[in-house]
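Engineer: The following block contains the structure, expressed as structure tokens.
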Amino acid sequence: MLKMTGLAKVYLTSDVKTQALQPFNLSIEQGEFVAVIGPSGSGKTTFLNIAGLLENHSEGVYELDGKDVSTLSDKHKSAYRNEKIGFVFQSFNLIPELNLYDNIDMPLRYRKFTAKERDERIMKALEQVGLAGRKNHYPTQLSGGQQQRVAIARAIAGSPSVIFADEPTGNLDSKMAQGIMSLLQDINASGTSIIMVTHDNEQAQQAQRIVQIKDGVLSEDAPILAQAIA
Amino acid sequence: MFSYYVKLALISFKRTPLLSFLMVLLIAMGIGATMTTFTVSYMMSQDPLPSKSDRVFSVQMDSRGDGYDWGESSLAEITYMDMQNVINSGIPKHHVVISAVSTMLKNPQQQTQAIKSKVRTTNADFFTMFETPFLFGSGWDEQADKQAQQVIVLTKKSNNRFFNGENSVGRFLQFGDVLYQVVGVLDDWQLMPKFYGVKTEAFSEPHDVFIPFNTQVKNELMVGNLVNNTCWKSYEGDDFAAFLASECMWVVLWVELDNDAAREQYQAYIDRYAQQQRDHGRFANRIYNRLVDVKQYLVDEEIVSDDSKMAVWLSVLFLIVCLLNCMGLMMAKFHGKAGEVGLRRAVGASKQHIVAQFSVELAVIGFIGGLVGLILAQFGLAIAENLYNYLHASLMQMNLILVLSTLLLAVLVSCTFGLLPIFKASLTQPSSQLKSL
């Protein structure tokens, strides 16, 4: 589903060259739950942005569903993000002026679904995250855990093949965090791949695979997990 | 998607009410000022005779002597003599002779005090050629012209003044020591611009009453300052007959020519006439005869003044200044939405989606600005009507085309000046802005 070969990221300014990610190879199959760990500033978010087509890589080849993404136009990348990818962010990234229904509706609007189909998908996603009765509430009326559930509902409403979660429990207490992890596990169980950046050792252990990034160097299935997180 | 974008635009208003209010206000001020001046200028330059303006011509002849060429600004009038000589050609469908006098009028049965009034002197064809509507009666006939009868046609306003709005046909108005019988009362009627007389009165109401031109001549009513009277040569004698026989140019002549053939025929006719006059020692300056249609006449006579055009340009500059300020606010507004743009891009919006969303938002702002601008323009026109009360009120009224144009202009300029902010917003890197939501 996702294959990165010799992939690297370099940030260039007029006089500084920063190697954010050293060349690496990585392959993730459909339905996998992969945790990405590493210290702050190691390149985890850069990795996630490249994988989620939010940023371009500098070197190597990235194939998503067999398609070399470097050949995609901006418009096609947008369509890929819309149809194949779901995002969950640490700070939820809900639009405060829109109610839950409209927040979840946002990605569906760009997909030319009929109003009926959008409604069905939104209600199904809200039911999946346990917030069907609060569709007319606004994000500020919800707890952090509930807001993250809405963000997950938004991510899954379009039936993506992969969800990229960037520290989805980073702003939540442990109880809420566990609820979110359970939800992600359920989504993964239904066949959706999940690639999750996290600092949390316990949460990383719940993934099927762990990928470690340190100083821009990506290594798969980190052998000493506790040290890597530390 | 359009309705979705409109919904987002309205939500965005709530999100940044002050910024949105200021943008609307700036657009409204610019649009209001522009449309106030443009309305006056536009109404001034309307075709006053849309059904026949290309068939109605001012007859212009240069009858001046050699060495008296002081330009062409006063050629709209011809001499009484020339008018009499060309008027019986039989070529035009209608011919209209125009002059004016100022006098005191009263209803002898109801009023003791006479009222100073403007009198248009003309002939029967005036009412036919300019298609004047009548409230009561009609215009006089050719017989009345020939016999120089003392008949009179009133405007509706004069009829209200002298006869309290009653049907006054058959009744009399006292004109000095002479009585004139009312034959007709005009309904509301206003050529805009009122091109047929002097240009300084092009935007004022019609004269109070109309009498036959020949009656003016018969009763020796001297023209005052209501017509241009240009004499390049002093006349011999001091009586009215000497004035009529003089080279003074004080009669305006309009003709209606049905087609190009008639026009050419009439042009040839007045050219022949001028040549004959030249052979007799007149028209020494040059043979220069023109048939000027209504639209060209408005241009030649500069009926729409340069001041009016300048005012429009100044208000357009003001609009641009307002829009440049608005552009700064747009930048700020869209910069503040970078997080939302990043998120929308992340969940699948293309650059085109972002451009469309913000274009609709600006169009909505422009539309609301246009609506408020319309109100400001009405306010501005009301002030202008008050300040320039000698101008006809219809100059200060927007028609449907102007109202729609105002809204369209507001939307267009808002979107045009929003191109740069929108373009910048669409370039937002989603990854760099996601954390700013």
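Here, A, B, ... name the chains of the structure tokens in the order displayed, residue numbers run from 1 inside each chain, and ligands are numbered from 1 in the same displayed order.
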Within 6 Å of chain A, which residues belong to chain B? Use only C-alpha atoms and report them as a PyMOL selection string.
Structural biologist: chain B and resi 347-350+431
Engineer: Given the selection you just returned, output its residues as a file containing C-alpha atoms, formatted as an mmCIF file, in the first residue's frame.
Structural biologist:
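What follows is the written file result-v5.cif:
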```
data_model
loop_
_atom_site.group_PDB
_atom_site.id
_atom_site.type_symbol
_atom_site.label_atom_id
_atom_site.label_comp_id
_atom_site.auth_asym_id
_atom_site.auth_seq_id
_atom_site.Cartn_x
_atom_site.Cartn_y
_atom_site.Cartn_z
ATOM 1 C CA VAL B 347 -8.436 16.887 4.047
ATOM 2 C CA GLY B 348 -8.553 17.183 0.287
ATOM 3 C CA ALA B 349 -9.286 20.719 -0.862
ATOM 4 C CA SER B 350 -7.349 21.636 -3.972
ATOM 5 C CA SER B 431 1.894 21.203 6.642
#
```
Engineer: Taking the backbone alone, and naming residues the way the document does, which bits of stretch 257-424 of chain B are helix (DSSP H, G or I) by DSSP, as a ChimeraX atom specification?
Structural biologist: /B:260-279,294-300,306-336,338-346,351-387,393-396,400-417,419-424
Engineer: Between atom CA of B:Arg263 and atom CA of B:Asn289, what distance in Å does the model show, to one decimal?
Structural biologist: 12.4 Å
Engineer: What is the atom CA of A:Tyr11 to atom CA of A:Tyr62 distance in Å?
Structural biologist: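 Between atom CA of A:Tyr11 and atom CA of A:Tyr62 the gap is 17.8 Å.
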Engineer: Looking only at strand (DSSP E or B) from DSSP on the backbone, list the matching residues of stretch 123-317 of chain B as a VMD selection string.
Structural biologist: chain B and resid 134 to 137 151 to 154 172 to 175 178 to 186 209 to 212 230 249 to 256 289 to 293
Engineer: Write a file of the just-selected residues containing C-alpha atoms, as a compact mmCIF listing (two decimals), in the first residue's frame.
Structural biologist:
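Written file, result_7.txt:
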```
# COMPACT_ATOMS: atom_id res chain seq x y z
CA PHE B 134 -51.07 65.59 -23.25
CA LEU B 135 -53.13 65.64 -20.11
CA PHE B 136 -55.85 67.80 -21.66
CA GLY B 137 -56.40 68.97 -25.23
CA VAL B 151 -53.02 80.04 -28.37
CA ILE B 152 -51.04 78.52 -25.56
CA VAL B 153 -50.05 75.11 -24.24
CA LEU B 154 -49.27 74.72 -20.56
CA PHE B 172 -57.46 82.15 -21.12
CA LEU B 173 -54.15 83.32 -19.76
CA GLN B 174 -53.26 86.97 -19.74
CA PHE B 175 -49.95 87.67 -21.45
CA VAL B 178 -53.19 90.10 -24.51
CA LEU B 179 -55.19 86.97 -23.81
CA TYR B 180 -54.02 83.56 -24.99
CA GLN B 181 -56.45 80.68 -25.18
CA VAL B 182 -55.35 77.37 -23.73
CA VAL B 183 -55.50 74.56 -26.30
CA GLY B 184 -53.61 71.88 -24.42
CA VAL B 185 -51.97 70.87 -21.17
CA LEU B 186 -48.93 68.64 -21.22
CA VAL B 209 -45.85 77.55 -21.43
CA PHE B 210 -45.62 77.18 -25.20
CA ILE B 211 -46.89 79.65 -27.81
CA PRO B 212 -46.53 79.74 -31.61
CA THR B 230 -25.33 86.13 -31.40
CA MET B 249 -28.52 84.20 -34.90
CA TRP B 250 -31.21 83.39 -32.35
CA VAL B 251 -33.45 80.73 -33.86
CA VAL B 252 -32.85 77.03 -33.30
CA LEU B 253 -34.09 74.82 -36.10
CA TRP B 254 -34.61 71.07 -35.77
CA VAL B 255 -35.75 68.78 -38.55
CA GLU B 256 -36.81 65.16 -38.65
CA ASN B 289 -23.82 73.69 -43.29
CA ARG B 290 -24.31 70.85 -40.93
CA LEU B 291 -27.09 68.47 -40.01
CA VAL B 292 -26.16 67.27 -36.55
CA ASP B 293 -28.09 64.39 -35.04
```
Engineer: List the spatial neighbours of stretch 426-430 of chain B as a VMD selection string - criterion: any atom at most 10 Å away, only C-alpha atoms, same-chain residues fewer than 5 positions off excluded.
Structural biologist: (chain A and resid 49 53 to 55) or (chain B and resid 334 to 335 338 to 347 350 to 356 358 420 to 421 435)
Engineer: I need the chosen residues saved as a JSON list (two decimals), in the first residue's frame, with C-alpha atoms.
Structural biologist:
```json
[["chain", "number", "residue", "atom", "x", "y", "z"],
["A", 49, "ASN", "CA", 3.77, 14.98, 6.34],
["A", 53, "LEU", "CA", 1.28, 14.04, 0.87],
["A", 54, "LEU", "CA", 1.36, 17.29, 2.79],
["A", 55, "GLU", "CA", 5.00, 17.82, 1.90],
["B", 334, "PHE", "CA", -7.08, 35.42, 4.89],
["B", 335, "HIS", "CA", -3.82, 35.32, 6.80],
["B", 338, "ALA", "CA", -4.22, 30.09, 7.26],
["B", 339, "GLY", "CA", -4.88, 27.32, 9.77],
["B", 340, "GLU", "CA", -8.26, 26.59, 8.25],
["B", 341, "VAL", "CA", -6.75, 26.66, 4.77],
["B", 342, "GLY", "CA", -4.06, 24.21, 5.91],
["B", 343, "LEU", "CA", -6.68, 21.91, 7.35],
["B", 344, "ARG", "CA", -8.88, 22.09, 4.26],
["B", 345, "ARG", "CA", -5.91, 21.39, 2.06],
["B", 346, "ALA", "CA", -4.99, 18.42, 4.29],
["B", 347, "VAL", "CA", -8.44, 16.89, 4.05],
["B", 350, "SER", "CA", -7.35, 21.64, -3.97],
["B", 351, "LYS", "CA", -5.98, 25.11, -4.60],
["B", 352, "GLN", "CA", -8.96, 25.70, -6.88],
["B", 353, "HIS", "CA", -11.31, 24.84, -4.02],
["B", 354, "ILE", "CA", -9.58, 27.41, -1.81],
["B", 355, "VAL", "CA", -9.71, 30.03, -4.57],
["B", 356, "ALA", "CA", -13.40, 29.31, -5.13],
["B", 358, "PHE", "CA", -12.48, 32.81, -0.89],
["B", 420, "LEU", "CA", -3.76, 38.76, -4.72],
["B", 421, "PRO", "CA", -4.95, 37.86, -1.21],
["B", 435, "LYS", "CA", -0.74, 23.87, 13.95]]
```
Engineer: Kindly indicate which residue among B:Ala33, B:Met396, B:Val119, B:Met331 lies nearest to B:Gly224, using only C-alpha atoms for the distances.
Structural biologist: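 Going through B:Ala33, B:Met396, B:Val119, B:Met331 one by one, the smallest distance to B:Gly224 is for B:Val119.
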Engineer: Given the choices A:Val197, A:Ala115, A:Met181, A:Ala51, which gets closest to A:Ala35 if the distance is worked out from only C-alpha atoms?
Structural biologist: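 So, comparing all the options, the nearest one is A:Val197.
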Engineer: If we count only C-alpha atoms and set the cut-off at 9 Å, which residues sit around A:Val129, ignoring sequence neighbours fewer than 5 positions away in its own chain? Please answer as a list of chain:residue names.
Structural biologist: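 Selected residues are A:Lys124, A:Gln146, A:Arg149, A:Val150, A:Ile152, A:Ala153, A:Leu183.
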Engineer: Near B:Val321, counting only C-alpha atoms, which residues have an atom at most 12 Å away, once you skip same-chain residues fewer than 6 positions from it, shown as a compact mmCIF listing (two decimals) with C-alpha atoms, in the first residue's frame?
Structural biologist:
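Final file, selection_37.txt:
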```
# COMPACT_ATOMS: atom_id res chain seq x y z
CA LEU B 26 -14.84 50.55 2.63
CA ILE B 27 -16.48 48.95 -0.39
CA MET B 29 -18.12 54.11 0.69
CA GLY B 30 -16.25 53.71 -2.59
CA ILE B 31 -19.24 52.30 -4.41
CA ALA B 33 -19.41 57.82 -4.01
CA THR B 34 -18.79 56.37 -7.46
CA LEU B 314 -12.32 61.39 -8.95
CA SER B 315 -14.86 59.12 -7.33
CA MET B 327 -7.17 44.61 0.01
CA GLY B 328 -5.01 45.05 3.09
CA VAL B 413 -14.13 45.03 -7.90
CA PHE B 417 -8.87 43.43 -5.68
```
Engineer: Hey, which of B:Glu220, B:Asp187, B:Glu302, B:Asp62 ends up closest to B:Ile270? Count only C-alpha atoms.
Structural biologist: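 The shortest atom-to-atom distance to B:Ile270 comes from B:Asp62.
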Engineer: For A:Asn103, which residue among A:Ser73, A:Thr192, A:Gln208, A:Gln147 is the nearest when counting only C-alpha atoms?
Structural biologist: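 Of A:Ser73, A:Thr192, A:Gln208, A:Gln147, the one nearest A:Asn103 is A:Gln147, counting only C-alpha atoms.
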Engineer: Quick one: of B:Thr200, B:Leu362, B:Leu244, B:Leu402, who's nearest to B:Ala377, counting only C-alpha atoms?
Structural biologist: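 Of the candidates, the smallest distance to B:Ala377 is held by B:Leu402.
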Engineer: Excluding A:Leu184 and its own-chain neighbours fewer than 2 positions away, which residues fall within 10 Å of it when counting only C-alpha atoms? Please give them as a list in words.
Structural biologist: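 Skipping anything fewer than 2 positions along the chain leaves Phe33, Val129, Arg149, Ile152, Ile163, Ala165, Pro168, Gln178, Gly179, Ile180, Met181, Ser182, Asp186, Ile187, Asn188, Ala189, Ser190, Thr192, Ser193, Ile194 and Met196 of chain A.
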Engineer: Suppose we keep N, CA and C atoms; can you now write the selection as a compact mmCIF listing (two decimals), in the first residue's frame?
Structural biologist:
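Printed below is selection_1.txt as written:
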```txt
# COMPACT_ATOMS: atom_id res chain seq x y z
N PHE A 33 -0.97 -1.57 11.59
CA PHE A 33 -0.98 -0.48 12.58
C PHE A 33 0.48 -0.25 12.96
N VAL A 129 -17.92 6.78 16.64
CA VAL A 129 -17.13 7.40 17.73
C VAL A 129 -18.01 7.73 18.93
N ARG A 149 -12.41 12.50 19.19
CA ARG A 149 -13.30 11.52 18.56
C ARG A 149 -13.93 12.11 17.30
N ILE A 152 -11.49 12.04 14.63
CA ILE A 152 -11.38 10.68 14.08
C ILE A 152 -12.57 10.39 13.16
N ILE A 163 -4.95 5.98 7.89
CA ILE A 163 -5.09 7.17 8.75
C ILE A 163 -3.73 7.52 9.33
N ALA A 165 -2.00 9.57 12.15
CA ALA A 165 -2.34 10.21 13.42
C ALA A 165 -1.06 10.78 14.03
N PRO A 168 -2.04 11.57 18.54
CA PRO A 168 -3.49 11.80 18.73
C PRO A 168 -3.90 11.88 20.19
N GLN A 178 -6.70 6.38 26.36
CA GLN A 178 -6.95 4.96 26.15
C GLN A 178 -8.21 4.75 25.31
N GLY A 179 -9.19 5.61 25.55
CA GLY A 179 -10.41 5.53 24.75
C GLY A 179 -10.10 5.77 23.28
N ILE A 180 -9.26 6.74 23.00
CA ILE A 180 -8.89 7.05 21.61
C ILE A 180 -8.12 5.88 21.01
N MET A 181 -7.23 5.31 21.79
CA MET A 181 -6.44 4.18 21.28
C MET A 181 -7.37 3.00 20.95
N SER A 182 -8.35 2.78 21.80
CA SER A 182 -9.30 1.69 21.53
C SER A 182 -10.04 1.95 20.23
N ASP A 186 -10.09 -0.30 16.88
CA ASP A 186 -11.32 -0.77 16.23
C ASP A 186 -11.30 -0.44 14.74
N ILE A 187 -10.87 0.79 14.44
CA ILE A 187 -10.82 1.22 13.03
C ILE A 187 -9.82 0.36 12.27
N ASN A 188 -8.69 0.10 12.91
CA ASN A 188 -7.66 -0.74 12.28
C ASN A 188 -8.20 -2.16 12.04
N ALA A 189 -8.99 -2.61 13.01
CA ALA A 189 -9.54 -3.97 12.89
C ALA A 189 -10.46 -4.11 11.68
N SER A 190 -11.03 -2.97 11.28
CA SER A 190 -11.92 -3.03 10.11
C SER A 190 -11.15 -2.93 8.80
N THR A 192 -8.51 -0.63 8.02
CA THR A 192 -7.86 0.65 7.70
C THR A 192 -6.46 0.68 8.32
N SER A 193 -5.47 0.98 7.53
CA SER A 193 -4.10 1.09 8.06
C SER A 193 -4.01 2.32 8.96
N ILE A 194 -3.20 2.22 9.98
CA ILE A 194 -3.00 3.38 10.85
C ILE A 194 -1.50 3.58 11.06
N MET A 196 0.81 5.97 13.27
CA MET A 196 0.63 6.88 14.39
C MET A 196 1.98 7.32 14.97
```
Engineer: Which residues, written as a PyMOL selection string, have at least one atom at most 10 Å from B:Gln46, with only C-alpha atoms counted and residues fewer than 3 positions away on the same chain left out?
Structural biologist: chain B and resi 41-43+49-50+191-193+295+298+304+395
Engineer: When you count only C-alpha atoms, which of these residues is closest to A:Ser174: A:Asp65, A:Glu220, A:Glu202, A:Glu29?
Structural biologist: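 Answer, going by the shortest atom-to-atom distance: A:Glu202.
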Engineer: To one decimal place in Å, what is the distance between atom CA of B:Phe127 and atom CA of B:Gly90?
Structural biologist: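 For atom CA of B:Phe127 relative to atom CA of B:Gly90, the distance reads 18.5 Å.
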